[in-house]
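Reviewing the structure listed below.
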Amino acid sequence: MTPAFETMPSGRAPSPIEPLPHQLMAVLGQHRMATTNQLLELLRPGTARQTVSAPLNKLRRDGLVDYTVLPQSNRSRAWYLTSEGARLTKDFPSLRGRPAYPISSATAASLKTPHTLTVLRSHLAFVADARRRGDEHGHLDWTPEVFHPLSDGERIITDAVMHYTLIEGEERAKLRAFVEVDRATMGSERLASKLIEYARLWSYEPQPVGRPRARQPAAAGAVWLRWYPVFPRVLFVLTGASRYVLGNRISDLQAMVAEHPLVGTLARQVPMGAAVLDDLEDQGPTGDVWVPLAGGDSRPWTEL
């Protein structure tokens, strides 16, 4: 699809006008959880660790944030909002409409850390690449855990929705992507079946009561048009296993595109690709690290 243009909040770096404690709480409200180093990289890259650890500790004394200690990490902390912190942030303009899910205890936090922090790690790869290139992709341009309705009362939960402004000379292209982060904790077939859910979202057009369902895909009344001018790209970020295993998982995603009629139709109209997280961090998302799920040579995500 041709990238469309829209107005979205974005920025190459966090605004210096907004106080850092406010930014820290906004990031935790948006991303649910983040380590000290991740917060530093998002908000104050290149500065001393104390830059964010000092305000975080004050917020903790005020009862607005807390942390859990990550196992086997030299006592690294993963921070999250308390119930009081979540109550305050729900009125932040940048978080309006974002449901607050406060974490009730360090034990509850420890259950969420592996996946939540890996999703944020994926975001950081795009943030670092955008800064290097001069594109716009800020700390609030990545929204984890986004729900969309499907037919029959079901819904699809996307690991993250990404907004990214690609700048080429005087031109600005607004790109969007559904991002699925796979840590190899589920079966490969179950991962590939996620493509069926995206194909269903793409084709789902709610019908008024009393009218038969439309059989054609993605008509003018498709439900996703409530939120997006064009259907976002679908990106899979893989980690948590050997190169051989991750390569097989990518092959299974490609097989789903080749074998499932609706997924195949989606792939002919919507860019879809998969990449290994280590490659995103080493070469950047705009490196030739993305395998197109419809086939072809590896390329940047912007050229899928």
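Naming scheme: A, B, ... for chains in displayed order of the structure tokens; residues 1 onward per chain; ligands 1 onward as shown.
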
Can you pull out the residues contacting range 238-255 of chain A? Cut-off 8 Å, using only C-alpha atoms, and skip same-chain residues under 3 positions away; I want them as a ChimeraX atom specification. /A:181-185,188-189,191-192,195,258-259,274-278,291,293-295

Store the residues picked out above in a file with all heavy atoms, as a tab-separated table (two decimals), in the first residue's frame.
```tsv
chain	number	residue	atom	x	y	z
A	181	VAL	N	5.83	-9.60	18.65
A	181	VAL	CA	7.14	-9.97	19.19
A	181	VAL	C	7.06	-11.41	19.68
A	181	VAL	O	6.30	-11.73	20.60
A	181	VAL	CB	7.56	-9.03	20.33
A	181	VAL	CG1	8.91	-9.47	20.92
A	181	VAL	CG2	7.64	-7.59	19.82
A	182	ASP	N	7.84	-12.28	19.05
A	182	ASP	CA	7.80	-13.72	19.33
A	182	ASP	C	9.07	-14.12	20.06
A	182	ASP	O	10.17	-13.97	19.55
A	182	ASP	CB	7.67	-14.50	18.02
A	182	ASP	CG	7.86	-15.99	18.22
A	182	ASP	OD1	7.20	-16.54	19.13
A	182	ASP	OD2	8.66	-16.59	17.49
A	183	ARG	N	8.92	-14.67	21.27
A	183	ARG	CA	10.06	-15.13	22.07
A	183	ARG	C	10.22	-16.65	21.99
A	183	ARG	O	10.89	-17.24	22.84
A	183	ARG	CB	9.89	-14.69	23.53
A	183	ARG	CG	9.88	-13.18	23.72
A	183	ARG	CD	9.82	-12.79	25.20
A	183	ARG	NE	8.60	-13.27	25.83
A	183	ARG	CZ	8.56	-14.17	26.80
A	183	ARG	NH1	9.67	-14.72	27.27
A	183	ARG	NH2	7.39	-14.55	27.33
A	184	ALA	N	9.62	-17.26	21.00
A	184	ALA	CA	9.68	-18.72	20.80
A	184	ALA	C	9.11	-19.48	21.98
A	184	ALA	O	9.55	-20.58	22.30
A	184	ALA	CB	11.12	-19.16	20.51
A	185	THR	N	8.11	-18.89	22.64
A	185	THR	CA	7.45	-19.55	23.77
A	185	THR	C	6.19	-20.29	23.35
A	185	THR	O	5.60	-21.01	24.15
A	185	THR	CB	7.10	-18.53	24.85
A	185	THR	OG1	6.29	-17.50	24.29
A	185	THR	CG2	8.37	-17.91	25.44
A	188	SER	N	5.22	-22.99	16.63
A	188	SER	CA	5.38	-22.26	15.38
A	188	SER	C	4.06	-22.13	14.63
A	188	SER	O	3.78	-21.08	14.03
A	188	SER	CB	6.42	-22.95	14.51
A	188	SER	OG	6.71	-22.21	13.35
A	189	GLU	N	3.23	-23.16	14.67
A	189	GLU	CA	1.94	-23.09	13.98
A	189	GLU	C	1.03	-22.06	14.61
A	189	GLU	O	0.31	-21.33	13.91
A	189	GLU	CB	1.27	-24.46	13.98
A	189	GLU	CG	-0.03	-24.49	13.18
A	189	GLU	CD	-0.62	-25.88	13.08
A	189	GLU	OE1	0.05	-26.84	13.50
A	189	GLU	OE2	-1.75	-26.00	12.57
A	191	LEU	N	2.04	-19.38	16.15
A	191	LEU	CA	2.55	-18.07	15.74
A	191	LEU	C	2.03	-17.74	14.34
A	191	LEU	O	1.55	-16.62	14.11
A	191	LEU	CB	4.07	-18.08	15.75
A	191	LEU	CG	4.76	-16.84	15.17
A	191	LEU	CD1	4.50	-15.62	16.04
A	191	LEU	CD2	6.26	-17.08	15.01
A	192	ALA	N	2.15	-18.68	13.41
A	192	ALA	CA	1.73	-18.42	12.03
A	192	ALA	C	0.23	-18.14	11.94
A	192	ALA	O	-0.22	-17.37	11.09
A	192	ALA	CB	2.11	-19.60	11.15
A	195	LEU	N	-1.37	-14.68	11.60
A	195	LEU	CA	-1.62	-14.06	10.30
A	195	LEU	C	-3.08	-14.21	9.89
A	195	LEU	O	-3.64	-13.32	9.23
A	195	LEU	CB	-0.70	-14.68	9.25
A	195	LEU	CG	0.76	-14.26	9.30
A	195	LEU	CD1	1.61	-15.15	8.40
A	195	LEU	CD2	0.91	-12.79	8.90
A	258	ALA	N	1.49	-18.54	1.79
A	258	ALA	CA	1.37	-19.29	0.54
A	258	ALA	C	0.15	-20.21	0.53
A	258	ALA	O	-0.45	-20.45	-0.54
A	258	ALA	CB	2.63	-20.11	0.30
A	259	GLU	N	-0.26	-20.70	1.70
A	259	GLU	CA	-1.27	-21.75	1.74
A	259	GLU	C	-2.67	-21.27	2.11
A	259	GLU	O	-3.66	-21.90	1.74
A	259	GLU	CB	-0.83	-22.84	2.73
A	259	GLU	CG	0.44	-23.56	2.32
A	259	GLU	CD	1.01	-24.44	3.41
A	259	GLU	OE1	0.35	-24.56	4.47
A	259	GLU	OE2	2.10	-25.00	3.21
A	274	ALA	N	9.35	-10.38	8.55
A	274	ALA	CA	9.84	-10.91	9.82
A	274	ALA	C	11.34	-10.68	9.91
A	274	ALA	O	12.06	-10.71	8.90
A	274	ALA	CB	9.53	-12.41	9.93
A	275	ALA	N	11.80	-10.41	11.14
A	275	ALA	CA	13.22	-10.16	11.37
A	275	ALA	C	13.61	-10.68	12.74
A	275	ALA	O	12.76	-10.84	13.64
A	275	ALA	CB	13.54	-8.67	11.26
A	276	VAL	N	14.90	-10.93	12.92
A	276	VAL	CA	15.45	-11.36	14.20
A	276	VAL	C	15.83	-10.12	15.01
A	276	VAL	O	16.45	-9.19	14.48
A	276	VAL	CB	16.67	-12.27	13.98
A	276	VAL	CG1	17.34	-12.62	15.30
A	276	VAL	CG2	16.25	-13.54	13.23
A	277	LEU	N	15.45	-10.10	16.28
A	277	LEU	CA	15.67	-8.93	17.13
A	277	LEU	C	17.15	-8.55	17.20
A	277	LEU	O	17.49	-7.36	17.16
A	277	LEU	CB	15.11	-9.18	18.52
A	277	LEU	CG	15.26	-8.05	19.55
A	277	LEU	CD1	14.73	-6.73	19.03
A	277	LEU	CD2	14.55	-8.44	20.85
A	278	ASP	N	18.03	-9.52	17.31
A	278	ASP	CA	19.46	-9.20	17.35
A	278	ASP	C	19.90	-8.42	16.11
A	278	ASP	O	20.74	-7.52	16.20
A	278	ASP	CB	20.29	-10.48	17.47
A	278	ASP	CG	20.22	-11.09	18.87
A	278	ASP	OD1	19.78	-10.39	19.81
A	278	ASP	OD2	20.59	-12.28	19.02
A	291	VAL	N	12.71	-10.28	6.25
A	291	VAL	CA	12.35	-11.28	5.24
A	291	VAL	C	10.89	-11.03	4.85
A	291	VAL	O	10.00	-11.16	5.69
A	291	VAL	CB	12.51	-12.70	5.79
A	291	VAL	CG1	12.07	-13.72	4.75
A	291	VAL	CG2	13.94	-12.95	6.24
A	293	LEU	N	7.29	-11.80	3.91
A	293	LEU	CA	6.54	-13.04	4.08
A	293	LEU	C	5.94	-13.52	2.77
A	293	LEU	O	5.60	-14.70	2.63
A	293	LEU	CB	5.45	-12.85	5.13
A	293	LEU	CG	5.95	-12.52	6.54
A	293	LEU	CD1	4.80	-12.58	7.54
A	293	LEU	CD2	7.08	-13.45	6.97
A	294	ALA	N	5.81	-12.63	1.79
A	294	ALA	CA	5.30	-13.02	0.48
A	294	ALA	C	6.43	-13.50	-0.44
A	294	ALA	O	6.17	-13.88	-1.59
A	294	ALA	CB	4.55	-11.86	-0.16
A	295	GLY	N	7.67	-13.51	0.07
A	295	GLY	CA	8.79	-13.98	-0.73
A	295	GLY	C	9.66	-12.83	-1.22
A	295	GLY	O	9.22	-11.68	-1.33
```

According to DSSP computed on the backbone, where in range 107-226 of chain A is there helix (DSSP H, G or I)? Give the residues as number ranges by chain. A: 107-133, 151-153, 188-192, 194-203, 223-226

Using only C-alpha atoms, determine which residues lie at most 9 Å from Ala199 in chain A, disregarding the query and same-chain residues fewer than 4 positions distant; provide the list as a PyMOL selection string. chain A and resi 194-195+203-204+262-267

Limited to all heavy atoms, could you put the picked residues into a file as a PDB file, in the first residue's frame?
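Generated file (again.pdb):
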```
ATOM      1  N   LYS A 194      -1.439 -16.355  13.731  1.00  0.00           N
ATOM      2  CA  LYS A 194      -1.692 -14.941  13.998  1.00  0.00           C
ATOM      3  C   LYS A 194      -1.969 -14.199  12.691  1.00  0.00           C
ATOM      4  O   LYS A 194      -2.720 -13.225  12.662  1.00  0.00           O
ATOM      5  CB  LYS A 194      -0.489 -14.330  14.717  1.00  0.00           C
ATOM      6  CG  LYS A 194      -0.751 -12.963  15.320  1.00  0.00           C
ATOM      7  CD  LYS A 194      -1.467 -13.045  16.650  1.00  0.00           C
ATOM      8  CE  LYS A 194      -1.638 -11.671  17.281  1.00  0.00           C
ATOM      9  NZ  LYS A 194      -2.177 -11.727  18.646  1.00  0.00           N
ATOM     10  N   LEU A 195      -1.367 -14.679  11.603  1.00  0.00           N
ATOM     11  CA  LEU A 195      -1.618 -14.062  10.303  1.00  0.00           C
ATOM     12  C   LEU A 195      -3.080 -14.207   9.888  1.00  0.00           C
ATOM     13  O   LEU A 195      -3.638 -13.324   9.229  1.00  0.00           O
ATOM     14  CB  LEU A 195      -0.703 -14.680   9.251  1.00  0.00           C
ATOM     15  CG  LEU A 195       0.763 -14.257   9.303  1.00  0.00           C
ATOM     16  CD1 LEU A 195       1.607 -15.150   8.402  1.00  0.00           C
ATOM     17  CD2 LEU A 195       0.914 -12.791   8.902  1.00  0.00           C
ATOM     18  N   SER A 203     -10.421  -8.040   6.646  1.00  0.00           N
ATOM     19  CA  SER A 203     -11.621  -8.309   5.850  1.00  0.00           C
ATOM     20  C   SER A 203     -12.923  -8.066   6.606  1.00  0.00           C
ATOM     21  O   SER A 203     -14.001  -8.083   6.004  1.00  0.00           O
ATOM     22  CB  SER A 203     -11.610  -9.762   5.359  1.00  0.00           C
ATOM     23  OG  SER A 203     -11.659 -10.662   6.454  1.00  0.00           O
ATOM     24  N   TYR A 204     -12.839  -7.814   7.913  1.00  0.00           N
ATOM     25  CA  TYR A 204     -14.054  -7.762   8.729  1.00  0.00           C
ATOM     26  C   TYR A 204     -14.792  -6.442   8.518  1.00  0.00           C
ATOM     27  O   TYR A 204     -14.273  -5.362   8.781  1.00  0.00           O
ATOM     28  CB  TYR A 204     -13.697  -7.935  10.207  1.00  0.00           C
ATOM     29  CG  TYR A 204     -14.857  -7.735  11.155  1.00  0.00           C
ATOM     30  CD1 TYR A 204     -16.126  -8.242  10.877  1.00  0.00           C
ATOM     31  CD2 TYR A 204     -14.680  -7.038  12.350  1.00  0.00           C
ATOM     32  CE1 TYR A 204     -17.177  -8.056  11.751  1.00  0.00           C
ATOM     33  CE2 TYR A 204     -15.730  -6.851  13.232  1.00  0.00           C
ATOM     34  CZ  TYR A 204     -16.974  -7.362  12.929  1.00  0.00           C
ATOM     35  OH  TYR A 204     -18.018  -7.172  13.791  1.00  0.00           O
ATOM     36  N   LEU A 262      -7.041 -16.334   2.357  1.00  0.00           N
ATOM     37  CA  LEU A 262      -7.280 -14.969   2.821  1.00  0.00           C
ATOM     38  C   LEU A 262      -5.977 -14.291   3.221  1.00  0.00           C
ATOM     39  O   LEU A 262      -5.764 -13.100   2.950  1.00  0.00           O
ATOM     40  CB  LEU A 262      -8.265 -14.974   3.995  1.00  0.00           C
ATOM     41  CG  LEU A 262      -8.733 -13.587   4.465  1.00  0.00           C
ATOM     42  CD1 LEU A 262      -9.385 -12.808   3.334  1.00  0.00           C
ATOM     43  CD2 LEU A 262      -9.700 -13.736   5.639  1.00  0.00           C
ATOM     44  N   VAL A 263      -5.073 -15.047   3.862  1.00  0.00           N
ATOM     45  CA  VAL A 263      -3.774 -14.488   4.225  1.00  0.00           C
ATOM     46  C   VAL A 263      -2.992 -14.116   2.961  1.00  0.00           C
ATOM     47  O   VAL A 263      -2.338 -13.074   2.894  1.00  0.00           O
ATOM     48  CB  VAL A 263      -2.966 -15.463   5.100  1.00  0.00           C
ATOM     49  CG1 VAL A 263      -1.570 -14.913   5.373  1.00  0.00           C
ATOM     50  CG2 VAL A 263      -3.693 -15.725   6.425  1.00  0.00           C
ATOM     51  N   GLY A 264      -3.055 -14.972   1.955  1.00  0.00           N
ATOM     52  CA  GLY A 264      -2.384 -14.677   0.701  1.00  0.00           C
ATOM     53  C   GLY A 264      -2.915 -13.415   0.047  1.00  0.00           C
ATOM     54  O   GLY A 264      -2.148 -12.608  -0.500  1.00  0.00           O
ATOM     55  N   THR A 265      -4.229 -13.225   0.101  1.00  0.00           N
ATOM     56  CA  THR A 265      -4.826 -12.005  -0.449  1.00  0.00           C
ATOM     57  C   THR A 265      -4.352 -10.776   0.318  1.00  0.00           C
ATOM     58  O   THR A 265      -4.028  -9.738  -0.270  1.00  0.00           O
ATOM     59  CB  THR A 265      -6.361 -12.104  -0.404  1.00  0.00           C
ATOM     60  OG1 THR A 265      -6.778 -13.260  -1.133  1.00  0.00           O
ATOM     61  CG2 THR A 265      -6.997 -10.874  -1.013  1.00  0.00           C
ATOM     62  N   LEU A 266      -4.305 -10.903   1.637  1.00  0.00           N
ATOM     63  CA  LEU A 266      -3.798  -9.804   2.463  1.00  0.00           C
ATOM     64  C   LEU A 266      -2.360  -9.464   2.085  1.00  0.00           C
ATOM     65  O   LEU A 266      -2.000  -8.287   1.946  1.00  0.00           O
ATOM     66  CB  LEU A 266      -3.883 -10.189   3.938  1.00  0.00           C
ATOM     67  CG  LEU A 266      -3.225  -9.235   4.946  1.00  0.00           C
ATOM     68  CD1 LEU A 266      -3.955  -7.896   4.976  1.00  0.00           C
ATOM     69  CD2 LEU A 266      -3.185  -9.855   6.337  1.00  0.00           C
ATOM     70  N   ALA A 267      -1.521 -10.483   1.915  1.00  0.00           N
ATOM     71  CA  ALA A 267      -0.096 -10.264   1.640  1.00  0.00           C
ATOM     72  C   ALA A 267       0.134  -9.575   0.303  1.00  0.00           C
ATOM     73  O   ALA A 267       1.166  -8.919   0.114  1.00  0.00           O
ATOM     74  CB  ALA A 267       0.649 -11.597   1.672  1.00  0.00           C
TER      75      ALA A 267
END
```

Counting only C-alpha atoms, what is within 7 Å of range 125-128 of chain A, bar same-chain residues fewer than 3 positions away, as a count of residues only? 10

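When CA of Thr158 in chain A is paired with CA of Trp290 in chain A, their separation reads 19.2 Å.
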